[in-house]
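Undergrad: Data: upload_4.cif, mmCIF, C-alpha atoms.
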data_final
loop_
_atom_site.label_atom_id
_atom_site.label_comp_id
_atom_site.auth_asym_id
_atom_site.auth_seq_id
_atom_site.Cartn_x
_atom_site.Cartn_y
_atom_site.Cartn_z
CA MET A 1 -28.79 -0.81 8.45
CA ASN A 2 -26.11 1.83 8.15
CA HIS A 3 -24.55 0.47 4.96
CA ASN A 4 -25.03 3.80 3.26
CA ILE A 5 -23.34 5.79 6.03
CA ASP A 6 -20.46 3.33 6.07
CA TYR A 7 -20.06 3.56 2.30
CA LYS A 8 -20.10 7.38 2.32
CA ASP A 9 -17.62 7.46 5.18
CA GLY A 10 -15.36 5.17 3.14
CA VAL A 11 -15.61 7.37 0.05
CA LYS A 12 -14.67 10.39 2.14
CA ASN A 13 -11.60 8.67 3.61
CA GLY A 14 -10.73 7.16 0.24
CA MET A 15 -10.51 10.54 -1.52
CA PRO A 16 -6.87 11.19 -0.61
CA ILE A 17 -6.01 7.69 -1.87
CA GLY A 18 -7.79 8.45 -5.14
CA ILE A 19 -5.87 11.69 -5.61
CA GLY A 20 -2.54 10.05 -4.80
CA TYR A 21 -3.31 7.10 -7.08
CA PHE A 22 -4.20 9.45 -9.92
CA GLY A 23 -0.71 10.93 -9.79
CA VAL A 24 1.08 7.58 -9.51
CA SER A 25 -0.94 5.88 -12.24
CA MET A 26 -0.37 8.80 -14.61
CA ALA A 27 3.28 7.83 -14.40
CA PHE A 28 2.26 4.24 -15.19
CA GLY A 29 0.21 5.40 -18.19
CA MET A 30 3.19 7.37 -19.48
CA MET A 31 5.36 4.27 -19.13
CA VAL A 32 2.90 2.26 -21.20
CA LYS A 33 2.89 4.98 -23.83
CA ASN A 34 6.71 5.08 -23.86
CA ALA A 35 6.71 1.31 -24.37
CA LEU A 36 4.62 1.99 -27.51
CA LEU A 37 1.69 -0.05 -26.22
CA PRO A 38 -1.90 1.07 -26.85
CA ILE A 39 -3.84 3.22 -24.34
CA GLU A 40 -6.33 0.38 -23.82
CA MET A 41 -3.47 -1.72 -22.46
CA ALA A 42 -2.72 0.84 -19.73
CA VAL A 43 -6.38 0.89 -18.71
CA PHE A 44 -6.73 -2.90 -18.92
CA ILE A 45 -3.67 -3.56 -16.76
CA SER A 46 -4.68 -1.01 -14.13
CA ALA A 47 -8.32 -2.09 -14.02
CA THR A 48 -7.49 -5.78 -13.53
CA ASN A 49 -4.37 -5.58 -11.34
CA LEU A 50 -4.82 -2.50 -9.13
CA THR A 51 -1.30 -2.68 -7.77
CA SER A 52 1.53 -0.23 -8.27
CA ALA A 53 4.87 -2.02 -7.92
CA GLY A 54 3.47 -5.25 -9.39
CA GLN A 55 2.22 -3.48 -12.51
CA PHE A 56 5.42 -1.53 -13.11
CA ALA A 57 7.47 -4.71 -12.82
CA GLY A 58 4.99 -6.71 -14.91
CA LEU A 59 5.01 -4.12 -17.68
CA ASN A 60 8.81 -4.21 -17.77
CA LEU A 61 8.76 -7.99 -18.11
CA ILE A 62 6.11 -7.87 -20.84
CA VAL A 63 8.18 -5.34 -22.78
CA MET A 64 11.27 -7.57 -22.36
CA ASN A 65 9.28 -10.53 -23.71
CA ALA A 66 9.73 -12.50 -20.49
CA SER A 67 8.19 -15.95 -20.15
CA MET A 68 4.79 -16.44 -18.55
CA MET A 69 6.38 -18.31 -15.62
CA GLU A 70 8.74 -15.44 -14.97
CA ILE A 71 5.88 -12.94 -15.03
CA ALA A 72 3.77 -15.09 -12.71
CA PHE A 73 6.63 -15.65 -10.24
CA THR A 74 7.70 -11.98 -10.13
CA THR A 75 4.10 -10.89 -9.62
CA PHE A 76 3.75 -13.46 -6.84
CA ILE A 77 6.83 -12.25 -4.94
CA ILE A 78 6.13 -8.54 -5.33
CA ASN A 79 2.50 -8.91 -4.27
CA LEU A 80 2.85 -11.57 -1.58
CA ARG A 81 2.62 -8.86 1.09
CA TYR A 82 -1.10 -8.63 0.24
CA ALA A 83 -1.51 -12.10 1.72
CA LEU A 84 -0.31 -10.76 5.07
CA MET A 85 -2.71 -7.83 4.78
CA SER A 86 -5.53 -10.16 3.79
CA LEU A 87 -4.79 -12.36 6.81
CA SER A 88 -4.72 -9.31 9.03
CA LEU A 89 -8.08 -8.12 7.60
CA SER A 90 -9.60 -11.59 8.16
CA GLN A 91 -9.37 -10.77 11.87
CA ARG A 92 -10.89 -7.31 11.49
CA VAL A 93 -14.08 -8.19 9.61
CA ASP A 94 -17.14 -9.77 11.22
CA GLU A 95 -16.59 -13.49 11.72
CA LYS A 96 -19.96 -14.05 10.03
CA MET A 97 -19.12 -12.11 6.86
CA SER A 98 -20.00 -14.43 3.95
CA ARG A 99 -17.40 -16.05 1.74
CA PHE A 100 -18.84 -14.17 -1.26
CA LYS A 101 -18.47 -10.77 0.44
CA ARG A 102 -14.90 -11.66 1.43
CA MET A 103 -14.14 -12.51 -2.19
CA ILE A 104 -15.36 -9.08 -3.29
CA LEU A 105 -13.51 -7.26 -0.51
CA ALA A 106 -10.28 -9.06 -1.39
CA PHE A 107 -10.05 -7.42 -4.83
CA GLY A 108 -9.56 -4.02 -3.18
CA ILE A 109 -6.67 -4.91 -0.87
CA THR A 110 -3.86 -2.49 -1.68
CA ASP A 111 -1.21 -0.99 0.62
CA GLU A 112 -3.10 2.28 0.91
CA ILE A 113 -6.64 0.95 1.19
CA TYR A 114 -5.47 -1.57 3.79
CA ALA A 115 -3.68 1.19 5.70
CA VAL A 116 -6.71 3.48 5.79
CA SER A 117 -9.09 0.64 6.68
CA LEU A 118 -7.05 0.11 9.87
CA THR A 119 -8.11 3.52 11.14
CA LYS A 120 -11.81 2.46 11.12
CA GLU A 121 -13.25 0.85 14.25
CA MET A 122 -13.84 -2.91 14.06
CA PRO A 123 -15.59 -4.86 12.69
CA LEU A 124 -14.66 -3.65 9.25
CA THR A 125 -17.65 -3.75 6.88
CA LEU A 126 -17.73 -4.46 3.15
CA SER A 127 -19.62 -1.18 2.58
CA TYR A 128 -16.87 0.88 4.19
CA PHE A 129 -14.19 -1.01 2.29
CA LEU A 130 -15.98 -0.53 -1.04
CA GLY A 131 -16.33 3.16 -0.13
CA LEU A 132 -12.54 3.37 0.19
CA LEU A 133 -12.11 1.42 -3.03
CA THR A 134 -14.40 3.61 -5.17
CA PRO A 135 -12.32 6.82 -5.40
CA ALA A 136 -9.10 4.79 -5.30
CA TYR A 137 -10.17 2.64 -8.26
CA ILE A 138 -11.45 5.61 -10.26
CA GLY A 139 -8.23 7.54 -9.57
CA TRP A 140 -6.07 4.56 -10.51
CA VAL A 141 -7.81 3.68 -13.78
CA LEU A 142 -8.46 7.27 -14.86
CA GLY A 143 -4.87 8.27 -14.08
CA SER A 144 -3.52 5.42 -16.22
CA PHE A 145 -5.79 6.49 -19.07
CA MET A 146 -4.82 10.16 -18.80
CA GLY A 147 -1.13 9.32 -18.47
CA ALA A 148 -1.18 7.19 -21.61
CA LEU A 149 -3.31 9.73 -23.47
CA LEU A 150 -1.51 12.92 -22.56
CA GLY A 151 2.00 11.66 -22.03
CA SER A 152 3.90 14.23 -20.05
CA LEU A 153 1.35 17.01 -19.87
CA LEU A 154 1.45 17.11 -16.07
CA PRO A 155 4.47 19.26 -15.16
CA GLU A 156 7.28 16.93 -14.15
CA ALA A 157 7.84 18.73 -10.84
CA ILE A 158 4.25 18.04 -9.78
CA SER A 159 4.13 14.39 -10.79
CA ASP A 160 7.51 13.89 -9.10
CA ALA A 161 6.34 15.53 -5.87
CA MET A 162 3.18 13.38 -5.91
CA ASN A 163 5.36 10.33 -5.28
CA ILE A 164 5.66 11.27 -1.62
CA ALA A 165 1.90 11.64 -1.03
CA LEU A 166 1.17 7.97 -0.35
CA TYR A 167 4.22 7.57 1.90
CA GLY A 168 2.94 10.62 3.77
CA MET A 169 -0.31 8.77 4.43
CA PHE A 170 1.58 5.79 5.82
CA VAL A 171 3.50 8.09 8.17
CA ALA A 172 0.18 9.55 9.31
CA ILE A 173 -0.96 6.06 10.30
CA ILE A 174 2.27 4.79 11.88
CA LEU A 175 3.32 7.69 14.10
CA PRO A 176 0.12 8.11 16.14
CA GLN A 177 0.32 4.36 16.93
CA ALA A 178 3.93 4.74 18.07
CA LYS A 179 2.86 7.59 20.35
CA LYS A 180 0.11 5.57 22.04
CA ASP A 181 1.84 2.21 22.44
CA ARG A 182 5.53 1.77 23.25
CA HIS A 183 5.57 -1.85 22.07
CA LYS A 184 4.29 -0.79 18.66
CA ALA A 185 6.87 2.00 18.71
CA LEU A 186 9.57 -0.63 19.25
CA ALA A 187 8.14 -2.75 16.42
CA ILE A 188 8.31 0.29 14.13
CA VAL A 189 11.91 1.11 15.12
CA LEU A 190 12.96 -2.51 14.49
CA SER A 191 11.23 -2.60 11.09
CA VAL A 192 12.77 0.68 9.98
CA ALA A 193 16.22 -0.42 11.15
CA LEU A 194 15.98 -3.74 9.29
CA SER A 195 14.57 -2.06 6.21
CA CYS A 196 17.50 0.41 6.20
CA ILE A 197 19.96 -2.47 6.53
CA PHE A 198 18.34 -4.19 3.54
CA ALA A 199 18.46 -0.94 1.58
CA PHE A 200 22.03 0.10 2.37
CA VAL A 201 23.89 -3.22 2.36
CA PRO A 202 24.39 -4.05 -1.33
CA SER A 203 24.66 -7.82 -0.81
CA LEU A 204 21.19 -7.76 0.76
CA HIS A 205 19.45 -6.31 -2.28
CA ILE A 206 16.80 -8.96 -2.73
CA GLY A 207 13.97 -6.85 -4.10
CA SER A 208 11.32 -5.02 -2.11
CA GLY A 209 8.83 -7.89 -2.28
CA TRP A 210 11.04 -10.31 -0.37
CA MET A 211 12.23 -7.57 1.97
CA ILE A 212 8.72 -6.64 3.09
CA ILE A 213 7.73 -10.27 3.66
CA ILE A 214 10.87 -11.18 5.61
CA ILE A 215 10.82 -8.10 7.83
CA THR A 216 7.10 -8.39 8.51
CA ILE A 217 7.29 -12.04 9.53
CA VAL A 218 10.50 -11.68 11.58
CA VAL A 219 9.55 -8.51 13.46
CA SER A 220 5.93 -9.39 14.17
CA ALA A 221 6.88 -12.91 15.31
CA PHE A 222 9.64 -11.52 17.55
CA MET A 223 7.34 -8.88 19.05
CA ALA A 224 4.57 -11.42 19.61
CA LEU A 225 6.96 -13.70 21.51
CA ALA A 226 8.62 -10.92 23.49
CA PHE A 227 5.55 -8.76 24.11
CA PRO A 228 2.34 -10.72 23.47
CA ILE A 229 -0.78 -8.58 23.45
CA ARG A 230 -3.58 -10.03 25.55
CA LYS A 231 -7.08 -9.47 24.20
CA ASP A 232 -8.19 -7.53 27.28
CA GLU A 233 -5.30 -5.10 26.79
CA ILE A 234 -6.33 -4.10 23.28
CA MET B 1 0.43 -9.82 -24.05
CA ILE B 2 -3.21 -10.04 -22.95
CA GLN B 3 -2.46 -13.48 -21.46
CA SER B 4 0.45 -12.04 -19.45
CA VAL B 5 -1.79 -9.35 -18.00
CA ILE B 6 -4.44 -11.91 -17.12
CA VAL B 7 -1.83 -14.10 -15.42
CA MET B 8 -0.67 -11.10 -13.37
CA ALA B 9 -4.26 -10.25 -12.41
CA VAL B 10 -5.14 -13.82 -11.40
CA VAL B 11 -1.97 -14.31 -9.32
CA THR B 12 -2.52 -10.98 -7.58
CA TYR B 13 -6.19 -11.70 -6.88
CA LEU B 14 -5.51 -15.17 -5.45
CA ILE B 15 -2.90 -13.72 -3.06
CA ARG B 16 -5.45 -11.18 -1.86
CA MET B 17 -8.40 -13.53 -1.70
CA LEU B 18 -7.19 -16.82 -0.19
CA PRO B 19 -6.20 -15.72 3.35
CA ILE B 20 -9.36 -13.73 4.09
CA VAL B 21 -11.60 -16.48 2.70
CA LEU B 22 -9.77 -19.36 4.37
CA PHE B 23 -9.46 -17.74 7.81
CA GLN B 24 -13.15 -17.30 8.65
CA LYS B 25 -12.71 -17.92 12.37
CA LYS B 26 -11.03 -15.56 14.77
CA ILE B 27 -7.52 -16.75 15.59
CA THR B 28 -7.37 -17.47 19.31
CA ASN B 29 -3.71 -18.47 19.75
CA LEU B 30 -2.14 -15.69 21.80
CA TYR B 31 1.11 -15.52 19.84
CA LEU B 32 -0.47 -15.71 16.40
CA GLN B 33 -3.04 -13.13 17.41
CA SER B 34 -0.31 -10.84 18.75
CA SER B 35 1.71 -11.18 15.53
CA LEU B 36 -1.36 -10.06 13.61
CA GLU B 37 -1.68 -7.05 15.91
CA TYR B 38 1.88 -6.04 15.08
CA ILE B 39 1.65 -6.66 11.30
CA PRO B 40 -0.02 -3.34 10.33
CA CYS B 41 2.62 -1.03 11.77
CA VAL B 42 5.49 -3.33 10.79
CA VAL B 43 4.46 -3.70 7.16
CA LEU B 44 3.75 0.01 6.74
CA SER B 45 6.97 1.16 8.37
CA CYS B 46 9.29 -1.09 6.37
CA MET B 47 7.57 0.01 3.15
CA THR B 48 7.86 3.69 4.09
CA PHE B 49 11.41 3.89 5.45
CA PRO B 50 13.91 4.52 3.96
CA ALA B 51 11.95 4.68 0.65
CA ILE B 52 10.28 7.98 1.57
CA PHE B 53 13.67 9.72 1.50
CA THR B 54 14.44 8.63 -2.06
CA CYS B 55 11.00 8.75 -3.67
CA THR B 56 11.47 12.04 -5.52
CA ARG B 57 14.28 13.16 -7.81
CA SER B 58 15.87 15.34 -5.11
CA LEU B 59 17.12 13.84 -1.84
CA ALA B 60 16.91 17.20 -0.05
CA ALA B 61 13.32 17.72 -1.16
CA SER B 62 12.29 14.20 -0.10
CA VAL B 63 13.91 14.65 3.32
CA VAL B 64 12.11 17.95 3.89
CA GLY B 65 8.81 16.47 2.70
CA ALA B 66 9.28 13.45 4.96
CA LEU B 67 10.15 15.58 8.00
CA ALA B 68 7.13 17.82 7.39
CA ALA B 69 4.94 14.70 7.16
CA MET B 70 6.40 13.29 10.38
CA ILE B 71 5.77 16.51 12.31
CA PHE B 72 2.18 16.68 11.10
CA ALA B 73 1.65 12.98 11.79
CA TRP B 74 3.01 13.36 15.32
CA LYS B 75 0.44 16.11 15.86
CA GLU B 76 -2.16 13.57 14.68
CA LYS B 77 -3.32 15.57 11.67
CA SER B 78 -5.58 13.79 9.17
CA LEU B 79 -4.18 11.57 6.42
CA ILE B 80 -4.87 14.10 3.70
CA GLU B 81 -3.24 16.94 5.64
CA VAL B 82 -0.11 14.88 6.22
CA ALA B 83 0.03 13.78 2.56
CA ALA B 84 -0.51 17.37 1.39
CA ILE B 85 2.21 18.87 3.60
CA ALA B 86 4.65 16.22 2.34
CA VAL B 87 3.93 17.12 -1.30
CA LEU B 88 4.12 20.86 -0.56
CA GLY B 89 7.41 20.37 1.28
CA VAL B 90 8.89 18.62 -1.76
CA LEU B 91 7.61 21.25 -4.21
CA PHE B 92 8.87 24.06 -1.99
CA ILE B 93 12.44 22.71 -1.89
CA GLU B 94 12.47 21.78 -5.59
CA ILE B 95 11.43 25.31 -6.52
CA LEU B 96 13.99 26.75 -4.11
CA ILE B 97 16.89 24.72 -5.55
#
Output the file's structure in the form of structure tokens.
TA:
Amino acid sequence: MNHNIDYKDGVKNGMPIGIGYFGVSMAFGMMVKNALLPIEMAVFISATNLTSAGQFAGLNLIVMNASMMEIAFTTFIINLRYALMSLSLSQRVDEKMSRFKRMILAFGITDEIYAVSLTKEMPLTLSYFLGLLTPAYIGWVLGSFMGALLGSLLPEAISDAMNIALYGMFVAIILPQAKKDRHKALAIVLSVALSCIFAFVPSLHIGSGWMIIIITIVVSAFMALAFPIRKDEI
Amino acid sequence: MIQSVIVMAVVTYLIRMLPIVLFQKKITNLYLQSSLEYIPCVVLSCMTFPAIFTCTRSLAASVVGALAAMIFAWKEKSLIEVAAIAVLGVLFIEILI
């Protein structure tokens, strides 16, 4: 089989994620260091959670001595978007993929890995997904370690500029879709408009976790009702 | 502290794992299937905008980086090229200011 080719292809496409993650997780490592927690804690959190916003929020709550319930609930809300991605991926993998393989694949679902996996033709294989995960995971864990170890050795201008890298990747995935399909273009315009309303109307500040879930459900349900996509059109 | 981290990890993993394990079959309902087709671009666009404009310490730099990324993305450049031009755009403006 072509597992090996798939894996290598994944590693290649996962490289930019790894580089971007390295920069972001260095910032996380620095935060852990500033909170006067040990380096091992930065590595442990990153290696087990593999999520940016969730970890930053979780660390804050830990430092503030929040209750376990509060930590669990906040993590749940911030990361609930992964459930939508997981559901979306369930339709992109082979129907016959075993439960065990699905359980392994699930660990690697992040915004960026999910986004890049969409650019691969279906069905999505575990080998390709693990290929994407490998550099991403190394970048994420290593960056946290280096950040906690070195503190602010990376010039601030560079680590600050790195923040835009992962958003840049998202743009690279969204815009070509908008060009090809005017219904998807409309979905994108609606999502951006709603997201701006949530961001700029102070009374609607409900946290990014809720925002992403609400917009995703509302816009995709609306688009599905207004412009259903028939299988033969895909 | 260790327990808190483990709780975070378990909650996060369950969110990621349950849907893909529970939905083994292809969804055949037209509307549900269509919603799933729209989810990728919807979820990515509401995460990206307007956050991309405020993700660095300088608004001007973020705007230039974002515009550079959008131009490259429209020309269907690769992910890494688009990400790189965004970072370079930000650095360029920050150095200029």
Undergrad: Identify all residues satisfying the PyMOL selection byres ((chain B and resi 7) around 12) in the given file; provide them as a PyMOL selection string.
TA: (chain A and resi 45+48-49+54-55+58+62+67-76) or (chain B and resi 1-6+8-14)
Undergrad: What do you get, as a PyMOL selection string, if you spell out every residue that the PyMOL selection byres ((chain A and resi 186-194) around 6) selects here?
TA: (chain A and resi 183-185+195-197) or (chain B and resi 42+45-46+49)
Undergrad: Show me the residues close to (10.7, 11.0, 0.8) - anything with an atom within 8 Å, counting all atoms listed in the file - and format the list as an MDAnalysis selection string.
TA: (chainID A and resid 164 167) or (chainID B and resid 50:56 59 61:66)
Undergrad: Of the residues B:Ile80, B:Ala60, B:Leu67, B:Ile97, which is the one nearest to chain A, using all atoms listed in the file?
TA: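 Of B:Ile80, B:Ala60, B:Leu67, B:Ile97, the one nearest chain A is B:Ile80, counting all atoms listed in the file.
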Undergrad: What gap, in Å, lies between atom CA of Tyr114 of chain A and atom CA of Leu89 of chain A?
TA: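 Straight-line distance from atom CA of Tyr114 of chain A to atom CA of Leu89 of chain A works out to 8.0 Å.
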Undergrad: What is the atom CA of Leu32 of chain B-atom CA of Ile113 of chain A distance in Å, reported with one decimal?
TA: 23.4 Å
Undergrad: Name the residues captured by the PyMOL selection byres ((chain A and resi 95-110) around 9) when it is applied to the shown file; answer as JSON, numbers by chain.
TA: {"A": [49, 50, 51, 52, 82, 85, 86, 90, 91, 92, 93, 94, 111, 112, 113, 114, 115, 123, 125, 126, 129, 130, 132, 133, 137], "B": [12, 13, 14, 15, 16, 17, 18, 20, 21, 22, 24, 25, 26]}
Undergrad: Write out as a PDB file with C-alpha atoms, keeping the file's coordinate frame the residues lying within 12 Å of segment 28-36 of chain A, counting only C-alpha atoms and excluding same-chain residues fewer than 5 positions away.
TA:
ATOM      1  CA  TYR A  21      -3.310   7.100  -7.080  1.00  0.00           C
ATOM      2  CA  PHE A  22      -4.200   9.450  -9.920  1.00  0.00           C
ATOM      3  CA  GLY A  23      -0.710  10.930  -9.790  1.00  0.00           C
ATOM      4  CA  MET A  41      -3.470  -1.720 -22.460  1.00  0.00           C
ATOM      5  CA  ALA A  42      -2.720   0.840 -19.730  1.00  0.00           C
ATOM      6  CA  VAL A  43      -6.380   0.890 -18.710  1.00  0.00           C
ATOM      7  CA  PHE A  44      -6.730  -2.900 -18.920  1.00  0.00           C
ATOM      8  CA  ILE A  45      -3.670  -3.560 -16.760  1.00  0.00           C
ATOM      9  CA  SER A  46      -4.680  -1.010 -14.130  1.00  0.00           C
ATOM     10  CA  LEU A  50      -4.820  -2.500  -9.130  1.00  0.00           C
ATOM     11  CA  THR A  51      -1.300  -2.680  -7.770  1.00  0.00           C
ATOM     12  CA  SER A  52       1.530  -0.230  -8.270  1.00  0.00           C
ATOM     13  CA  ALA A  53       4.870  -2.020  -7.920  1.00  0.00           C
ATOM     14  CA  GLY A  54       3.470  -5.250  -9.390  1.00  0.00           C
ATOM     15  CA  GLN A  55       2.220  -3.480 -12.510  1.00  0.00           C
ATOM     16  CA  PHE A  56       5.420  -1.530 -13.110  1.00  0.00           C
ATOM     17  CA  ALA A  57       7.470  -4.710 -12.820  1.00  0.00           C
ATOM     18  CA  GLY A  58       4.990  -6.710 -14.910  1.00  0.00           C
ATOM     19  CA  LEU A  59       5.010  -4.120 -17.680  1.00  0.00           C
ATOM     20  CA  ASN A  60       8.810  -4.210 -17.770  1.00  0.00           C
ATOM     21  CA  LEU A  61       8.760  -7.990 -18.110  1.00  0.00           C
ATOM     22  CA  ILE A  62       6.110  -7.870 -20.840  1.00  0.00           C
ATOM     23  CA  VAL A  63       8.180  -5.340 -22.780  1.00  0.00           C
ATOM     24  CA  MET A  64      11.270  -7.570 -22.360  1.00  0.00           C
ATOM     25  CA  TRP A 140      -6.070   4.560 -10.510  1.00  0.00           C
ATOM     26  CA  VAL A 141      -7.810   3.680 -13.780  1.00  0.00           C
ATOM     27  CA  LEU A 142      -8.460   7.270 -14.860  1.00  0.00           C
ATOM     28  CA  GLY A 143      -4.870   8.270 -14.080  1.00  0.00           C
ATOM     29  CA  SER A 144      -3.520   5.420 -16.220  1.00  0.00           C
ATOM     30  CA  PHE A 145      -5.790   6.490 -19.070  1.00  0.00           C
ATOM     31  CA  MET A 146      -4.820  10.160 -18.800  1.00  0.00           C
ATOM     32  CA  GLY A 147      -1.130   9.320 -18.470  1.00  0.00           C
ATOM     33  CA  ALA A 148      -1.180   7.190 -21.610  1.00  0.00           C
ATOM     34  CA  LEU A 149      -3.310   9.730 -23.470  1.00  0.00           C
ATOM     35  CA  LEU A 150      -1.510  12.920 -22.560  1.00  0.00           C
ATOM     36  CA  GLY A 151       2.000  11.660 -22.030  1.00  0.00           C
ATOM     37  CA  SER A 152       3.900  14.230 -20.050  1.00  0.00           C
ATOM     38  CA  LEU A 153       1.350  17.010 -19.870  1.00  0.00           C
ATOM     39  CA  LEU A 154       1.450  17.110 -16.070  1.00  0.00           C
ATOM     40  CA  GLU A 156       7.280  16.930 -14.150  1.00  0.00           C
ATOM     41  CA  SER A 159       4.130  14.390 -10.790  1.00  0.00           C
TER      42      SER A 159
END
Undergrad: Please indicate the distance in Å from atom CA of Leu91 of chain B to atom CA of Arg57 of chain B, rounded to one decimal place.
TA: 11.1 Å
Undergrad: Would you please work out which residue, of A:Asp160, A:Glu121, A:Glu40, A:Asp6, is nearest to chain B when using only C-alpha atoms?
TA: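 Closest residue, counting only C-alpha atoms: A:Asp160.
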